[in-house]
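Chemist: Here you go, one structure.
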2 protein chains.
Amino acid sequence: MEIELYFLGTSAGVPTPHRNVTSIVMRRKGELIFFDMGEGTQRQLFKLGLGLGKVIKIFFTHIHGDHILGFFPLLQTLTLFKRTKELFIFGPPKLKSLIDYFLSFLEVNLPFEMSFTEVYDGAIFEFDEYYIKAIKNSHTSWSFSYRFQEYGRSGKFNVKKALEDKVPRHLWKDLAGGKDVVINGKTFKSKDYIIPVSIRGRSIVVSGDTSPFKRMISFSKDCDVLIHEATFLHELKERSLETLHTTALEAAKIAKEANVKILILTHFSARYEDPNPLLEEARRIFPSTFLAEDLQNLTIPYVKPIFYDKL
Amino acid sequence: MEIELYFLGTSAGVPTPHRNVTSIVMRRKGELIFFDMGEGTQRQLFKLGLGLGKVIKIFFTHIHGDHILGFFPLLQTLTLFKRTKELFIFGPPKLKSLIDYFLSFLEVNLPFEMSFTEVYDGAIFEFDEYYIKAIKNSHTSWSFSYRFQEYGRSGKFNVKKALEDKVPRHLWKDLAGGKDVVINGKTFKSKDYIIPVSIRGRSIVVSGDTSPFKRMISFSKDCDVLIHEATFLHELKERSLETLHTTALEAAKIAKEANVKILILTHFSARYEDPNPLLEEARRIFPSTFLAEDLQNLTIPYVKPIFYDKL
C-alpha cells in the first residue's frame, strides 16, 4: 500500500491566507502519523476529508506554539466524536505537563486512552512494520527531527512452493518470519521458502525547526523523502542564524550530501507570499527539490512487504 | 463612522470545511472588539485583511475550547509582530490563570501591556463612546452574553450658529459637552448651541452559548442586532436541552419578544452542512432573521455623535 504524505500547513510562525502553520500527516495502511500540529490542523484535515477514526500517532518536534496549538482543539473534537481508539503521543517531556494542564483546566474527559512517550536524542520507537528515530536539532532545547523507516525486506515468501508442498496457510507467517515448522513429523525449513531479494523499506525524514547541523546528513542518508524546513532565502542568512532556522540553499546542500531521493521544502516565512524563489535557490544545488503546498499530497509507491528485517 | 461586524467563525464545537469555530469581531473607528476567539481566528482575520495594529478589546463569553483556543496563537503572533499597543481582555475569572500558564509555559514575553478584567453578572464596562454590559447565561457556570451599547445622542451641536458667533473652534467641544464658556468677558451658553434631537446609540447583543433564558429578552430589548446562537433545529430540542444550547425557533422567539431590528443566527452544529433549514425555522417566527456566514460582514450605518448621554 502507498504511503501518502499530506501537508496540512507550510507557514512558519504565523499563518497566511494561503498557508496554515505546521503540520504534516502520513497515511499508511490504517494509520495517521502526524508530525506537529499547529493551530487549525483539524480544519485542514476536514478539508481533505481524512477521517479521524484511524490509529493516530502524533510526533511533536518541539513545543513552540505554531507546532502544537492545534493539538488541544483536536483533543476536544476527538472527545466530542466519542473516539475510543488509543492515541499515541510522542514529544519533548515538558509537553506532557501542558497536556495535563489543558485537560484539567477545560475539564475535558477523554473517552479514549492516551499514551505519552518522552522523546530524547537518539530515541528509536519500534512498531510492527517500521520504526521512527529521533535526533536532537540545533534549535531550542528539546527540538527534534524524525526519521520514519520501514523495516527492509530481505526476502520474499515463495507462495508457489508453499502451495505445492501443501503447507497449511496458518504456518506461512512463521516460515516467512524465519521459523522452521514441523507438521506430522516433517520439518519445513524456512530458508527453503524464501526467495532472496533485498529491498529497502521506505524512509521519510521530517526536520522540525533547526539550524543546519552536520548530523542531519547521516540521519537523512539515502532516504526517499527529506522534508526540511527552509524558513528563509540565503540572503537572509543572518536572520536565519538569529532564529535558528535553515535557508533553502542550506537545505539543498543537506539533501545533496545525504543523497536523498526527493527534497521537499516547507515552513516558509510568511514574508514569502510566493515561495518560488526558495525553490529556485534550492534547485541550483539539488534539482529534485519541491515546495510543500497546503492540502497537497505526495504518494510514495508501495513495495509489498512479506516479512521484515530491521535495517 | 459605520460599525462593521465580521463573522470569523460560525460553527459550534468543531470546525467544518466551510465554517470555522466561534469568533466575531466588530470594527468601530480605530478599534477591533472581539467576542470569543476559537481556533483559527487569526487566519480568518488575515483572510479578511483586517490589520492587527489597532486598539484591540477581546470579550470572552466562556472558557470552552472552541471559544478561546485561537487566543493563544494570536498572542504569539502579536509578539512576533512586536505589537506595542495595550491589549484589553475581559472574561470569566478562571481564564486569567490559563493565560498566565500559557505565557509562562511557552516562554512568550509579550512586548505590550495586557490587562485582564474579570467579568461578572451585570458588569458594565464603560468606554468613551459606548459601554459593554454582561449578563450570565444559562450554560456552564461563568458563561456570559454581552451588549455593546453606544451612548445615545440627546442633542446636536449647532455648527452654523457657532461660526456666525465666531466661537473659537477649540471651545466647541466644551459647548457641545454642556459647558458654558467665557471669551473676553462674554459668556456663551451651551444650551444656545444645542439643537435638541434624540437619537439612540447603536446596540449589538452577542449571546454566547446558552439555553434560552428569560433575562435575555430584557437584555437585548430594542437592540439593532441580536447575534444569537442557534446550535440546533427545534426537532433536536432534547439534544439542545442536554447541551444547554438554543434552537433556531427559540432564538427567533427571543428576537421577537425583545423587539430587535435584526436577528443573526450563528454557532451551527456541524451536522448542518446547509444551515438554511435553521433560517427557515426562525423566519416563521421572526422574518428579519439572517444566517451568519464565515468571512461575511454586516455594516451598521453611522449616526454621527456630537456628544453623548449615557442611556
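In the C-alpha cells, each chain is lettered A, B, ... as it comes, each chain's residues begin at 1, and ligands are numbered from 1 in order of appearance.
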Just want the 6 Å neighbourhood of region 259-269 of chain B, counted on only C-alpha atoms, with same-chain residues fewer than 3 positions away dropped. Output as a compact mmCIF listing (two decimals) with all heavy atoms, in the first residue's frame.
Modeler:
# COMPACT_ATOMS: atom_id res chain seq x y z
N THR B 10 -18.46 30.41 12.56
CA THR B 10 -19.90 30.27 12.81
C THR B 10 -20.30 28.83 13.13
O THR B 10 -21.48 28.51 13.16
CB THR B 10 -20.68 30.76 11.58
OG1 THR B 10 -20.29 29.96 10.46
CG2 THR B 10 -20.41 32.23 11.27
N SER B 11 -19.31 27.98 13.36
CA SER B 11 -19.60 26.57 13.63
C SER B 11 -19.52 26.31 15.14
O SER B 11 -18.70 26.92 15.83
CB SER B 11 -18.59 25.67 12.91
OG SER B 11 -18.96 24.32 13.03
N ALA B 12 -20.36 25.43 15.63
CA ALA B 12 -20.37 25.08 17.05
C ALA B 12 -19.43 23.92 17.31
O ALA B 12 -19.45 22.93 16.58
CB ALA B 12 -21.78 24.71 17.49
N ASP B 222 -34.91 45.99 22.13
CA ASP B 222 -34.81 47.06 21.12
C ASP B 222 -33.43 47.19 20.47
O ASP B 222 -33.13 48.24 19.87
CB ASP B 222 -35.19 48.42 21.74
CG ASP B 222 -36.63 48.45 22.24
OD1 ASP B 222 -37.47 47.75 21.64
OD2 ASP B 222 -36.90 49.14 23.24
N CYS B 223 -32.57 46.21 20.59
CA CYS B 223 -31.22 46.38 20.02
C CYS B 223 -31.27 46.33 18.49
O CYS B 223 -32.21 45.81 17.89
CB CYS B 223 -30.23 45.38 20.60
SG CYS B 223 -30.49 43.70 20.05
N ASP B 224 -30.24 46.88 17.88
CA ASP B 224 -30.17 46.90 16.41
C ASP B 224 -29.93 45.49 15.87
O ASP B 224 -30.53 45.10 14.88
CB ASP B 224 -29.01 47.82 15.96
CG ASP B 224 -29.29 49.26 16.28
OD1 ASP B 224 -30.08 49.87 15.55
OD2 ASP B 224 -28.76 49.77 17.28
N VAL B 225 -29.00 44.81 16.50
CA VAL B 225 -28.62 43.48 16.02
C VAL B 225 -28.51 42.54 17.21
O VAL B 225 -27.78 42.82 18.16
CB VAL B 225 -27.26 43.51 15.29
CG1 VAL B 225 -26.93 42.13 14.75
CG2 VAL B 225 -27.25 44.55 14.18
N LEU B 226 -29.25 41.46 17.15
CA LEU B 226 -29.06 40.38 18.13
C LEU B 226 -28.38 39.23 17.41
O LEU B 226 -28.93 38.68 16.44
CB LEU B 226 -30.41 39.93 18.70
CG LEU B 226 -30.39 38.64 19.54
CD1 LEU B 226 -29.47 38.76 20.76
CD2 LEU B 226 -31.82 38.25 19.98
N ILE B 227 -27.17 38.91 17.84
CA ILE B 227 -26.47 37.75 17.28
C ILE B 227 -26.66 36.63 18.29
O ILE B 227 -26.14 36.70 19.41
CB ILE B 227 -24.96 38.05 17.11
CG1 ILE B 227 -24.78 39.28 16.20
CG2 ILE B 227 -24.24 36.84 16.53
CD1 ILE B 227 -23.36 39.84 16.22
N HIS B 228 -27.46 35.66 17.92
CA HIS B 228 -27.80 34.62 18.90
C HIS B 228 -27.36 33.26 18.40
O HIS B 228 -27.48 32.95 17.22
CB HIS B 228 -29.31 34.62 19.17
CG HIS B 228 -29.65 34.04 20.53
ND1 HIS B 228 -29.50 32.72 20.83
CD2 HIS B 228 -30.11 34.65 21.65
CE1 HIS B 228 -29.85 32.51 22.10
NE2 HIS B 228 -30.22 33.67 22.63
N GLU B 229 -26.85 32.46 19.30
CA GLU B 229 -26.52 31.09 18.94
C GLU B 229 -27.79 30.33 18.59
O GLU B 229 -28.86 30.56 19.17
CB GLU B 229 -25.78 30.41 20.09
CG GLU B 229 -26.65 30.05 21.29
CD GLU B 229 -26.58 28.55 21.60
OE1 GLU B 229 -26.99 27.75 20.73
OE2 GLU B 229 -26.13 28.20 22.70
N ALA B 230 -27.70 29.47 17.59
CA ALA B 230 -28.82 28.61 17.20
C ALA B 230 -28.19 27.30 16.79
O ALA B 230 -28.05 26.99 15.61
CB ALA B 230 -29.61 29.25 16.07
N THR B 231 -27.79 26.56 17.79
CA THR B 231 -27.00 25.36 17.54
C THR B 231 -27.80 24.28 16.81
O THR B 231 -27.28 23.56 15.97
CB THR B 231 -26.43 24.81 18.87
OG1 THR B 231 -25.83 25.90 19.59
CG2 THR B 231 -25.40 23.73 18.65
N ALA B 255 -35.89 37.12 19.84
CA ALA B 255 -35.75 38.32 18.99
C ALA B 255 -37.08 39.05 18.89
O ALA B 255 -37.14 40.28 18.95
CB ALA B 255 -35.25 37.91 17.61
N LYS B 256 -38.15 38.30 18.73
CA LYS B 256 -39.48 38.89 18.57
C LYS B 256 -39.92 39.60 19.87
O LYS B 256 -40.32 40.76 19.84
CB LYS B 256 -40.48 37.78 18.21
CG LYS B 256 -41.82 38.31 17.78
CD LYS B 256 -42.74 37.17 17.39
CE LYS B 256 -44.12 37.71 17.05
NZ LYS B 256 -45.05 36.60 16.77
N TYR B 272 -25.22 20.48 10.38
CA TYR B 272 -25.97 21.23 9.36
C TYR B 272 -25.02 21.75 8.30
O TYR B 272 -24.55 22.89 8.38
CB TYR B 272 -26.74 22.39 10.00
CG TYR B 272 -27.72 21.93 11.07
CD1 TYR B 272 -27.55 22.30 12.40
CD2 TYR B 272 -28.79 21.10 10.74
CE1 TYR B 272 -28.44 21.86 13.38
CE2 TYR B 272 -29.68 20.65 11.71
CZ TYR B 272 -29.49 21.03 13.04
OH TYR B 272 -30.36 20.60 14.00
N SER B 288 -37.11 39.04 10.13
CA SER B 288 -35.82 39.73 9.91
C SER B 288 -34.65 38.93 10.45
O SER B 288 -33.81 39.44 11.20
CB SER B 288 -35.83 41.12 10.56
OG SER B 288 -36.81 41.91 9.95
N THR B 289 -34.62 37.68 10.11
CA THR B 289 -33.54 36.80 10.56
C THR B 289 -32.57 36.54 9.42
O THR B 289 -32.99 36.42 8.27
CB THR B 289 -34.11 35.45 11.06
OG1 THR B 289 -35.09 35.70 12.05
CG2 THR B 289 -33.02 34.56 11.63
N PHE B 290 -31.28 36.46 9.75
CA PHE B 290 -30.26 36.17 8.74
C PHE B 290 -29.30 35.13 9.31
O PHE B 290 -29.22 34.94 10.53
CB PHE B 290 -29.50 37.44 8.36
CG PHE B 290 -30.42 38.49 7.79
CD1 PHE B 290 -31.06 39.40 8.63
CD2 PHE B 290 -30.69 38.53 6.43
CE1 PHE B 290 -31.94 40.35 8.12
CE2 PHE B 290 -31.57 39.48 5.91
CZ PHE B 290 -32.20 40.39 6.75
N LEU B 291 -28.59 34.46 8.41
CA LEU B 291 -27.59 33.47 8.84
C LEU B 291 -26.20 34.11 8.82
O LEU B 291 -25.84 34.74 7.82
CB LEU B 291 -27.54 32.29 7.88
CG LEU B 291 -28.76 31.37 7.82
CD1 LEU B 291 -28.52 30.32 6.74
CD2 LEU B 291 -29.01 30.70 9.17
N ALA B 292 -25.44 33.95 9.86
CA ALA B 292 -24.04 34.36 9.83
C ALA B 292 -23.28 33.42 8.91
O ALA B 292 -23.49 32.21 8.91
CB ALA B 292 -23.44 34.32 11.23
Chemist: Select all residues from chain B having any atom no more than 6 Å from an atom of chain A (counting only C-alpha atoms, ignoring ligands), output as a PyMOL selection string.
Modeler: chain B and resi 15+17+40+43+46-47
Chemist: Would you pick out the contacts of Ile56 (chain B) at 10 Å or less, using only C-alpha atoms, so that residues sharing its chain but fewer than 6 positions from it are not included, and give the list as a PyMOL selection string?
Modeler: chain B and resi 25+27+30-34+85-89
Chemist: DSSP on the backbone, strand (DSSP E) only: what residues of region 7-192 of chain A does that give? Format it as a ChimeraX atom specification.
Modeler: /A:7-9,11-12,23-28,31-35,55-59,87-91,114-118,124-126,130-136,144-150,153-157,181-183,186-188
Chemist: Of the candidates B:Lys237, B:Lys57, B:His62, B:Lys161, which one gets nearest to Met26 (chain B) if we count only C-alpha atoms?
Modeler: B:Lys57
Chemist: Quick one: DSSP helix (DSSP H, G or I) residues in region 170-222 of chain A, as a list in words?
Modeler: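 Everything in region 170-222 of chain A that counts as helix (DSSP H, G or I) is His170, Leu171, Trp172, Lys173, Asp174, Leu175, Ala176, Ser190, Lys191, Asp192, Tyr193, Arg215, Met216, Ile217, Ser218 and Phe219 of chain A.
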